[in-house]
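Enquirer: Just so it is clear, I am handing over data_24.tsv, which has TSV, C-alpha atoms and all ligand atoms.
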```
chain	number	residue	atom	x	y	z
A	696	MET	CA	0.00	0.00	0.00
A	697	ASP	CA	3.03	2.20	0.40
A	698	THR	CA	2.96	3.83	-3.00
A	699	GLU	CA	5.56	6.48	-2.27
A	700	GLU	CA	8.95	5.12	-3.07
A	701	TYR	CA	12.13	5.66	-1.19
A	702	ARG	CA	15.28	5.00	-2.99
A	703	ASP	CA	18.69	6.25	-3.68
A	704	HIS	CA	18.93	9.21	-5.91
A	705	PRO	CA	21.69	9.85	-8.44
A	706	VAL	CA	24.10	12.63	-7.65
A	707	ARG	CA	24.25	13.37	-11.37
A	708	SER	CA	21.42	15.89	-11.00
A	709	TYR	CA	23.49	18.24	-8.97
A	710	VAL	CA	26.45	18.09	-11.31
A	711	LEU	CA	24.33	19.51	-14.13
A	712	THR	CA	23.99	22.83	-12.37
A	713	SER	CA	27.51	22.93	-11.00
A	714	GLY	CA	26.29	22.11	-7.55
A	715	ARG	CA	24.08	25.09	-6.97
A	716	ALA	CA	21.05	24.28	-4.91
A	717	HIS	CA	18.91	27.39	-5.25
A	718	PRO	CA	17.54	29.14	-8.31
A	719	SER	CA	18.71	32.68	-8.88
A	720	ARG	CA	15.09	33.76	-8.96
A	721	ASN	CA	12.93	32.82	-6.04
A	722	THR	CA	9.85	33.54	-8.11
A	723	LEU	CA	9.72	30.04	-9.51
A	724	ARG	CA	7.25	27.61	-8.07
A	725	PRO	CA	6.29	24.12	-9.24
A	726	GLU	CA	3.14	25.56	-10.85
A	727	THR	CA	4.88	28.50	-12.54
A	728	LEU	CA	4.15	28.43	-16.27
A	729	VAL	CA	7.10	28.74	-18.62
A	730	ARG	CA	7.54	28.89	-22.36
A	731	ALA	CA	10.42	29.01	-24.81
A	732	VAL	CA	11.27	32.32	-26.43
A	733	GLU	CA	11.27	31.27	-30.08
A	734	SER	CA	13.34	34.21	-31.25
A	735	ARG	CA	16.16	33.22	-28.93
A	736	PRO	CA	17.56	29.86	-30.01
A	737	LEU	CA	20.17	28.16	-27.86
A	738	LEU	CA	23.83	28.47	-28.71
A	739	SER	CA	25.60	25.40	-30.03
A	740	THR	CA	27.41	25.18	-26.70
A	741	ALA	CA	24.17	24.48	-24.81
A	742	SER	CA	24.04	21.17	-23.01
A	743	ARG	CA	21.85	18.34	-24.15
A	744	MET	CA	19.64	18.76	-21.11
A	745	GLU	CA	19.18	22.47	-21.80
A	746	ARG	CA	18.19	21.65	-25.37
A	747	GLU	CA	15.70	19.09	-24.25
A	748	LEU	CA	14.26	21.50	-21.71
A	749	VAL	CA	13.83	24.35	-24.19
A	750	GLN	CA	12.33	22.00	-26.74
A	751	LEU	CA	9.80	20.76	-24.20
A	752	CYS	CA	8.78	24.34	-23.61
A	753	ARG	CA	7.73	25.05	-27.19
A	754	GLY	CA	4.29	25.11	-25.63
A	755	THR	CA	3.35	26.30	-22.15
A	756	LEU	CA	4.10	23.93	-19.27
A	757	ALA	CA	4.39	24.28	-15.52
A	758	LEU	CA	7.85	23.89	-14.03
A	759	ALA	CA	6.75	20.65	-12.36
A	760	GLU	CA	5.68	19.22	-15.72
A	761	VAL	CA	9.05	20.04	-17.23
A	762	ALA	CA	10.72	18.28	-14.30
A	763	ALA	CA	8.49	15.21	-14.66
A	764	TYR	CA	9.18	14.87	-18.39
A	765	LEU	CA	12.91	15.32	-17.88
A	766	GLN	CA	12.80	12.90	-14.92
A	767	LEU	CA	14.66	15.35	-12.74
A	768	PRO	CA	13.75	16.85	-9.35
A	769	VAL	CA	11.75	20.10	-9.44
A	770	SER	CA	14.40	21.82	-7.34
A	771	LEU	CA	17.05	21.06	-9.95
A	772	VAL	CA	14.91	22.04	-12.92
A	773	ALA	CA	14.11	25.31	-11.16
A	774	VAL	CA	17.81	26.13	-11.29
A	775	MET	CA	18.11	25.28	-14.97
A	776	VAL	CA	14.92	27.18	-15.87
A	777	SER	CA	16.06	30.16	-13.89
A	778	ASP	CA	19.36	30.28	-15.80
A	779	LEU	CA	17.54	29.91	-19.13
A	780	ILE	CA	15.19	32.76	-18.19
A	781	ASP	CA	18.16	34.94	-17.29
A	782	ALA	CA	19.70	34.14	-20.68
A	783	GLY	CA	16.46	35.01	-22.48
A	784	HIS	CA	15.68	31.51	-23.80
A	785	LEU	CA	12.65	30.95	-21.60
A	786	ALA	CA	9.97	33.29	-20.31
A	787	ILE	CA	7.56	33.03	-17.42
A	788	ARG	CA	4.11	32.72	-18.93
A	789	SER	CA	2.05	33.17	-15.81
A	790	ASN	CA	1.50	36.87	-15.44
A	791	HIS	CA	0.88	36.96	-11.72
A	792	GLN	CA	3.55	38.04	-9.29
A	793	ALA	CA	5.09	35.39	-7.16
A	794	HIS	CA	3.94	35.32	-3.54
A	795	VAL	CA	0.70	37.06	-4.46
A	796	LEU	CA	-2.28	34.87	-3.73
A	797	PRO	CA	-5.06	34.66	-6.30
A	798	GLY	CA	-7.90	37.09	-5.60
A	799	LYS	CA	-11.57	36.45	-5.16
A	800	ASP	CA	-12.24	37.06	-8.85
A	801	ILE	CA	-9.84	34.29	-9.79
A	802	LEU	CA	-11.38	31.88	-7.27
A	803	GLU	CA	-14.81	32.67	-8.68
A	804	LYS	CA	-13.63	31.84	-12.18
A	805	ILE	CA	-12.13	28.59	-10.92
A	806	LEU	CA	-15.41	27.69	-9.21
A	807	ASP	CA	-17.37	28.39	-12.39
A	808	GLY	CA	-14.95	26.24	-14.36
A	809	LEU	CA	-15.13	23.37	-11.86
A	810	ARG	CA	-18.93	23.45	-11.84
A	811	LYS	CA	-18.96	23.00	-15.60
A	812	LEU	CA	-16.76	19.89	-15.52
B	786	MET	CA	19.46	13.98	-30.79
B	787	ASP	CA	16.58	16.24	-29.91
B	788	SER	CA	13.92	13.65	-30.51
B	789	ALA	CA	13.93	12.26	-26.98
B	790	SER	CA	11.88	15.08	-25.54
B	791	SER	CA	9.22	14.95	-28.23
B	792	ASP	CA	8.86	11.22	-27.59
B	793	ARG	CA	8.35	11.81	-23.92
B	794	THR	CA	5.88	14.63	-24.31
B	795	ALA	CA	2.97	13.38	-26.29
B	796	SER	CA	1.65	16.21	-28.41
B	797	GLY	CA	-1.29	17.94	-26.85
B	798	GLN	CA	0.22	17.91	-23.36
B	799	HIS	CA	1.07	21.58	-23.56
B	800	LEU	CA	-1.39	24.02	-22.10
B	801	ALA	CA	-3.56	25.98	-24.50
B	802	PRO	CA	-1.83	29.21	-25.56
B	803	THR	CA	-4.62	31.18	-23.84
B	804	VAL	CA	-3.63	29.88	-20.39
B	805	ALA	CA	-1.75	32.64	-18.63
B	806	ARG	CA	-2.21	31.81	-14.97
B	807	SER	CA	-1.79	28.81	-12.75
B	808	VAL	CA	-3.27	28.11	-9.36
B	809	LYS	CA	-2.60	25.09	-7.19
B	810	VAL	CA	-4.08	22.97	-4.50
B	811	LEU	CA	-2.20	20.42	-2.41
B	812	VAL	CA	-3.74	17.02	-2.00
B	813	VAL	CA	-2.43	15.83	1.34
B	814	GLY	CA	-2.95	12.78	3.50
B	815	ALA	CA	-1.25	9.70	4.83
B	816	PHE	CA	0.07	6.93	2.59
B	817	GLY	CA	-2.54	4.90	0.76
B	818	VAL	CA	-5.39	7.26	1.49
B	819	GLY	CA	-6.22	7.89	-2.17
B	820	LYS	CA	-4.29	11.04	-3.15
B	821	THR	CA	-2.97	9.67	-6.43
B	822	THR	CA	-6.37	8.20	-7.24
B	823	LEU	CA	-8.14	11.52	-6.70
B	824	ILE	CA	-5.62	13.40	-8.82
B	825	GLY	CA	-5.94	10.82	-11.60
B	826	SER	CA	-9.74	11.08	-11.54
B	827	VAL	CA	-9.84	14.78	-12.30
B	828	SER	CA	-6.63	15.45	-14.20
B	829	GLU	CA	-6.83	16.22	-17.92
B	830	ILE	CA	-3.35	14.77	-18.38
B	831	GLU	CA	-2.03	11.40	-17.30
B	832	PRO	CA	-0.79	12.18	-13.76
B	833	LEU	CA	2.90	12.96	-13.67
B	834	ARG	CA	5.43	12.24	-10.99
B	835	THR	CA	8.58	13.87	-9.79
B	836	GLU	CA	10.93	12.86	-7.07
B	837	GLU	CA	12.77	15.06	-4.68
B	838	ARG	CA	15.58	14.20	-2.35
B	839	ILE	CA	14.88	15.54	1.07
B	840	THR	CA	16.45	15.44	4.47
B	841	THR	CA	14.31	13.86	7.10
B	842	ALA	CA	14.44	14.29	10.81
B	843	SER	CA	13.32	10.83	11.83
B	844	VAL	CA	15.11	7.54	11.51
B	845	GLY	CA	13.90	4.14	10.49
B	846	ILE	CA	11.94	5.16	7.40
B	847	ASP	CA	13.89	2.76	5.32
B	848	PRO	CA	16.11	0.56	7.46
B	849	GLY	CA	17.71	-0.90	4.31
B	850	GLN	CA	19.31	2.38	3.34
B	851	PRO	CA	22.73	3.14	4.76
B	852	ASN	CA	21.95	6.86	4.93
B	853	LYS	CA	18.87	7.37	7.02
B	854	ASP	CA	18.90	11.14	6.95
B	855	THR	CA	18.02	11.67	3.32
B	856	THR	CA	15.25	10.06	1.42
B	857	THR	CA	13.58	10.41	-1.92
B	858	VAL	CA	9.94	11.31	-1.82
B	859	ALA	CA	7.62	11.16	-4.78
B	860	MET	CA	5.16	13.89	-5.60
B	861	ASP	CA	2.51	13.23	-8.17
B	862	PHE	CA	0.36	15.81	-9.79
B	863	GLY	CA	-2.19	16.54	-12.44
B	864	ARG	CA	-3.86	19.57	-13.93
B	865	ILE	CA	-7.24	20.87	-15.03
B	866	THR	CA	-7.65	23.78	-17.41
B	867	VAL	CA	-10.61	25.29	-15.57
B	868	THR	CA	-11.14	28.33	-17.78
B	869	GLU	CA	-9.51	29.32	-21.03
B	870	ASP	CA	-6.90	31.29	-19.12
B	871	ILE	CA	-6.47	29.43	-15.81
B	872	ALA	CA	-4.88	26.05	-15.12
B	873	LEU	CA	-5.46	24.41	-11.75
B	874	TYR	CA	-2.66	22.12	-10.60
B	875	LEU	CA	-3.16	19.41	-8.02
B	876	PHE	CA	-0.01	18.36	-6.21
B	877	GLY	CA	-0.19	15.22	-4.13
B	878	THR	CA	2.17	15.00	-1.23
B	879	PRO	CA	2.37	13.13	2.03
B	880	GLY	CA	1.75	15.65	4.79
B	881	GLN	CA	3.74	14.15	7.61
B	882	ARG	CA	6.12	16.23	9.62
B	883	ARG	CA	9.21	14.53	8.28
B	884	PHE	CA	8.32	15.75	4.78
B	885	TRP	CA	7.85	19.31	5.93
B	886	ASP	CA	10.78	20.70	3.93
B	887	LEU	CA	9.20	19.43	0.77
B	888	TRP	CA	5.70	20.57	1.28
B	889	SER	CA	6.34	23.87	3.02
B	890	GLY	CA	7.67	25.09	-0.32
B	891	LEU	CA	4.67	23.64	-2.05
B	892	ALA	CA	2.18	25.18	0.36
B	893	ASP	CA	3.42	28.65	-0.50
B	894	GLY	CA	0.78	30.25	-2.72
B	895	ALA	CA	-1.67	27.35	-2.58
B	896	VAL	CA	-5.38	28.09	-2.65
B	897	GLY	CA	-6.03	25.23	-0.29
B	898	ALA	CA	-5.65	21.57	0.51
B	899	PRO	CA	-8.06	18.70	0.37
B	900	VAL	CA	-6.94	16.57	3.32
B	901	MET	CA	-7.79	12.98	2.57
B	902	VAL	CA	-8.59	10.70	5.49
B	903	ASP	CA	-9.35	7.01	5.73
B	904	THR	CA	-11.70	6.16	8.59
B	905	ARG	CA	-10.03	2.75	8.95
B	906	HIS	CA	-6.87	4.59	10.05
B	907	LEU	CA	-8.10	7.93	11.28
B	908	GLU	CA	-5.13	8.41	13.58
B	909	ASP	CA	-2.83	8.51	10.51
B	910	SER	CA	-4.27	11.90	9.62
B	911	PHE	CA	-3.72	13.56	12.99
B	912	GLU	CA	-0.16	14.54	12.17
B	913	VAL	CA	-1.11	15.88	8.74
B	914	LEU	CA	-3.86	18.06	10.22
B	915	ASP	CA	-1.55	19.26	12.98
B	916	GLN	CA	1.04	20.33	10.44
B	917	LEU	CA	-1.51	22.19	8.35
B	918	GLU	CA	-3.03	23.99	11.32
B	919	LEU	CA	0.17	24.86	13.12
B	920	ARG	CA	2.48	25.64	10.23
B	921	THR	CA	0.38	27.00	7.42
B	922	LYS	CA	-2.57	29.32	7.00
B	923	ILE	CA	-3.93	27.56	3.98
B	924	PRO	CA	-7.63	26.65	3.87
B	925	PHE	CA	-8.34	22.95	3.97
B	926	ALA	CA	-11.32	20.68	3.62
B	927	VAL	CA	-11.39	17.15	5.00
B	928	VAL	CA	-12.22	14.49	2.43
B	929	VAL	CA	-13.34	11.15	3.82
B	930	ASN	CA	-12.40	8.60	1.22
B	931	GLN	CA	-14.68	5.57	1.28
B	932	PHE	CA	-13.23	2.10	1.03
B	933	PRO	CA	-15.35	-1.06	0.87
B	934	ASP	CA	-14.44	-2.01	4.42
B	935	SER	CA	-14.62	1.51	5.86
B	936	PRO	CA	-16.70	1.67	9.03
B	937	ALA	CA	-19.85	3.72	8.40
B	938	TYR	CA	-19.26	6.58	10.82
B	939	PRO	CA	-21.49	9.64	10.48
B	940	LEU	CA	-19.45	12.60	9.26
B	941	GLU	CA	-20.11	14.47	12.50
B	942	ARG	CA	-18.39	11.70	14.43
B	943	VAL	CA	-15.37	11.94	12.16
B	944	ARG	CA	-15.40	15.72	12.63
B	945	ALA	CA	-15.39	15.26	16.39
B	946	ALA	CA	-12.68	12.61	16.29
B	947	LEU	CA	-10.48	14.90	14.19
B	948	ASP	CA	-11.32	17.88	16.41
B	949	LEU	CA	-12.12	20.09	13.42
B	950	LEU	CA	-13.27	23.67	13.69
B	951	PRO	CA	-17.02	24.07	13.03
B	952	GLU	CA	-16.35	25.96	9.79
B	953	THR	CA	-13.96	23.38	8.33
B	954	PRO	CA	-15.81	21.48	5.60
B	955	ILE	CA	-15.90	17.69	5.75
B	956	VAL	CA	-17.19	15.65	2.81
B	957	GLU	CA	-17.39	12.04	1.74
B	958	CYS	CA	-15.76	11.07	-1.50
B	959	ASP	CA	-15.02	8.20	-3.82
B	960	ALA	CA	-11.63	9.25	-5.16
B	961	ARG	CA	-12.09	6.99	-8.19
B	962	ASP	CA	-15.15	8.94	-9.29
B	963	ARG	CA	-14.52	12.11	-11.29
B	964	GLN	CA	-17.64	13.98	-10.21
B	965	SER	CA	-17.06	13.08	-6.59
B	966	ALA	CA	-13.48	14.33	-6.83
B	967	VAL	CA	-14.60	17.54	-8.58
B	968	LEU	CA	-17.13	18.16	-5.79
B	969	THR	CA	-14.39	18.01	-3.17
B	970	LEU	CA	-12.46	20.67	-5.12
B	971	ILE	CA	-15.57	22.86	-5.33
B	972	THR	CA	-16.08	22.50	-1.56
B	973	LEU	CA	-12.47	23.49	-0.97
B	974	VAL	CA	-12.52	26.57	-3.23
B	975	GLU	CA	-15.84	27.74	-1.75
B	976	HIS	CA	-14.27	27.45	1.69
B	977	ALA	CA	-11.14	29.31	0.57
B	978	MET	CA	-13.32	32.20	-0.62
B	979	THR	CA	-14.39	32.85	2.97
B	980	PHE	CA	-10.76	33.54	3.96
B	981	PRO	CA	-9.89	37.25	4.14
B	982	VAL	CA	-6.57	36.62	2.40
B	983	PHE	CA	-8.40	35.77	-0.83
B	984	GLN	CA	-10.89	38.65	-0.67
B	985	LYS	CA	-9.04	41.19	-2.71
B	986	VAL	CA	-9.32	41.35	-6.47
B	987	ASN	CA	-6.05	41.18	-8.35
B	988	ALA	CA	-6.90	40.04	-11.85
A	1001	LIG	N1	-12.53	1.50	-2.83
A	1001	LIG	C1	-11.77	2.55	-2.99
A	1001	LIG	N2	-10.46	2.38	-3.19
A	1001	LIG	C2	-9.69	3.47	-3.35
A	1001	LIG	C3	-10.24	4.78	-3.34
A	1001	LIG	N3	-9.22	5.68	-3.50
A	1001	LIG	C4	-8.09	4.95	-3.63
A	1001	LIG	N4	-8.35	3.63	-3.56
A	1001	LIG	C5	-7.35	2.55	-3.63
A	1001	LIG	O1	-6.48	2.70	-2.50
A	1001	LIG	C6	-5.12	2.44	-2.86
A	1001	LIG	C7	-4.23	3.62	-2.50
A	1001	LIG	O2	-4.62	4.75	-3.25
A	1001	LIG	P1	-3.57	5.85	-3.74
A	1001	LIG	O3	-4.35	6.83	-4.55
A	1001	LIG	O4	-2.40	5.24	-4.38
A	1001	LIG	O5	-3.14	6.49	-2.35
A	1001	LIG	P2	-2.01	7.58	-2.02
A	1001	LIG	O6	-0.89	6.86	-1.37
A	1001	LIG	O7	-2.64	8.52	-1.06
A	1001	LIG	O8	-1.60	8.25	-3.30
A	1001	LIG	C8	-5.14	2.14	-4.34
A	1001	LIG	O9	-5.10	0.74	-4.49
A	1001	LIG	C9	-6.45	2.70	-4.83
A	1001	LIG	O10	-6.96	1.98	-5.92
A	1001	LIG	C10	-11.65	4.92	-3.15
A	1001	LIG	O11	-12.20	6.02	-3.11
A	1001	LIG	N5	-12.36	3.79	-2.97
A	1002	MG	MG	0.32	8.43	-4.14
```
What does the file become when written as structure tokens?
Ligand SMILES: Nc1nc2c(ncn2[C@@H]2O[C@H](COP(=O)(O)OP(=O)(O)O)[C@@H](O)[C@H]2O)c(=O)[nH]1
Ligand SMILES: [Mg+2]
Expert:
Amino acid sequence: MDTEEYRDHPVRSYVLTSGRAHPSRNTLRPETLVRAVESRPLLSTASRMERELVQLCRGTLALAEVAAYLQLPVSLVAVMVSDLIDAGHLAIRSNHQAHVLPGKDILEKILDGLRKL
Amino acid sequence: MDSASSDRTASGQHLAPTVARSVKVLVVGAFGVGKTTLIGSVSEIEPLRTEERITTASVGIDPGQPNKDTTTVAMDFGRITVTEDIALYLFGTPGQRRFWDLWSGLADGAVGAPVMVDTRHLEDSFEVLDQLELRTKIPFAVVVNQFPDSPAYPLERVRAALDLLPETPIVECDARDRQSAVLTLITLVEHAMTFPVFQKVNA
């Protein structure tokens, strides 16, 4: 019944971002929506993982979705995404400010949407 | 060399281009209570999973591992595009104290949390409720997931046993049923709307 799994985790993840543990922008959350900036292709020196990430983001995805498809921890992908945003290859799609809770109007829209499901 | 990602992401998994905002809820509860099932019932995408390595305070989680202080915990999640411009994400996470580092980050910005409980093991949810009440301000609704051998307690008895505040919603649910799962989300969002923190308009 224990569906959560505990197992050893490869250290490889942390090597990809040169050992940094925190994204340069603390605005990123697992649900933050990101998208590739089409006019800003990656340089030929970009890593394979960066290429894969940017390619995934040809359409809008949440950070957590990117992490799941890349099979990497969200915390690690947040670092990569943050660097790619800084370099102009990715943009945050969600237009709300981080750490601002959704207002009543948003909750009302969500309720309407849920009631129609 | 770039084909790997397109293989992994089936086309159509991207959000519609009109979606410009995301909102999340946390589905919390003890192991085996039905979190993954509930997420799968309502999600428009096949539920996804990520794993995070976390440091835990307690020992004995996995006696087979030489290092007892770090563990890998899975988080699964799904999404619903609720309006043309809003996507609702549902993140499922165990709510026990030893996973606090993981879900404190997740709780930040959440609209609320359906707390799933199993009346066969009610005591398993005490710690989850304690954590939510003591360490977050997020609205929660208790979702009593029904299993075939669940004792048929009236909801008010479960409310009393869990020592819930009178205003905290408590609902029965069959996590395998989409409409039932949607109703729990509606209950939660309605409850969240009564919280002053969500009163302002910031479209
Ligand atoms: N009868 C019944 N079984 C359920 C229900 N929800 C979950 N289950 C079963 O309970 C088990 C654990 O559910 P799961 O969603 O993996 O729990 P989690 O650990 O909280 O993610 C699975 O075998 C599910 O099929 C429910 O509402 N009714
Ligand atoms: Mg699960």
Enquirer: Quick one: residues within 12 Å of ligand MG 1002 (chain A), with all atoms listed in the file, as a ChimeraX atom specification?
Expert: /A:696-700 /B:812-825,832-836,858-863,876-880,901
Enquirer: As an exercise, work out the distance from atom CA of Ala786 of chain A to atom CA of Ala763 of chain A in Å and give it to one decimal place.
Expert: 19.0 Å
Enquirer: Would you compute an axis-aligned box for ligand LIG 1001 (chain A), covering every atom listed for it in the file with 8 Å of margin on each side, and report centre and edge lengths in Å to one decimal as lines of an AutoDock Vina configuration file?
Expert:
```
center_x = -6.7
center_y = 4.6
center_z = -3.5
size_x = 27.6
size_y = 23.8
size_z = 20.9
```
Enquirer: Which residue gives the smallest distance to ligand LIG 1001 (chain A) among B:Pro933, B:Pro939, B:Pro951, B:Pro981, with all atoms listed in the file counted?
Expert: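 Result for the nearest residue to ligand LIG 1001 (chain A): B:Pro933.
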Enquirer: Between atom CA of Glu745 of chain A and atom CA of Thr840 of chain B, what is the distance in Å, rounded to a tenth?
Expert: 27.3 Å
Enquirer: Could you please determine the separation between atom CA of Ile971 of chain B and atom CA of Gly754 of chain A in Å, to one decimal place?
Expert: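 Computing it gives 28.5 Å between the two atoms.
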Enquirer: Counting only C-alpha atoms, figure out which residue out of B:Leu811, B:Leu891, B:Leu919, B:Leu950 gets nearest to chain A.
Expert: B:Leu891
Enquirer: At a cut-off of 10 Å around the point (-9.2, 29.8, -19.9) (file coordinates), what residues fall inside when counting all atoms listed in the file? I'd like the answer as a tab-separated table (two decimals) with C-alpha atoms, keeping the file's coordinate frame.
Expert:
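Generated file (result.tsv):
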```
chain	number	residue	atom	x	y	z
A	804	LYS	CA	-13.63	31.84	-12.18
A	805	ILE	CA	-12.13	28.59	-10.92
A	808	GLY	CA	-14.95	26.24	-14.36
B	800	LEU	CA	-1.39	24.02	-22.10
B	801	ALA	CA	-3.56	25.98	-24.50
B	802	PRO	CA	-1.83	29.21	-25.56
B	803	THR	CA	-4.62	31.18	-23.84
B	804	VAL	CA	-3.63	29.88	-20.39
B	805	ALA	CA	-1.75	32.64	-18.63
B	806	ARG	CA	-2.21	31.81	-14.97
B	866	THR	CA	-7.65	23.78	-17.41
B	867	VAL	CA	-10.61	25.29	-15.57
B	868	THR	CA	-11.14	28.33	-17.78
B	869	GLU	CA	-9.51	29.32	-21.03
B	870	ASP	CA	-6.90	31.29	-19.12
B	871	ILE	CA	-6.47	29.43	-15.81
B	872	ALA	CA	-4.88	26.05	-15.12
```
Enquirer: Can you work out which one of A:Leu751, A:Leu758, A:Ala773, A:Leu785 has the shortest atom-to-atom distance to chain B, counting only C-alpha atoms?
Expert: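 Result for the nearest residue to chain B: A:Leu751.
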Enquirer: Have a look at A:Arg788, A:Arg753, A:Lys811, A:Arg724 and name the one nearest to Ile865 of chain B; count only C-alpha atoms.
Expert: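 Using only C-alpha atoms, the shortest distance to Ile865 of chain B belongs to A:Lys811.
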Enquirer: Have a look at A:Leu723, A:Met775, A:Val729, A:Leu756 and name the one nearest to chain B; count all atoms listed in the file.
Expert: A:Leu756
Enquirer: For Gly894 of chain B, work out the shell of residues within 10 Å, counting only C-alpha atoms and skipping chain neighbours fewer than 5 positions away, then give it as a PyMOL selection string.
Expert: (chain A and resi 724+726+793-797) or (chain B and resi 808-810+923)
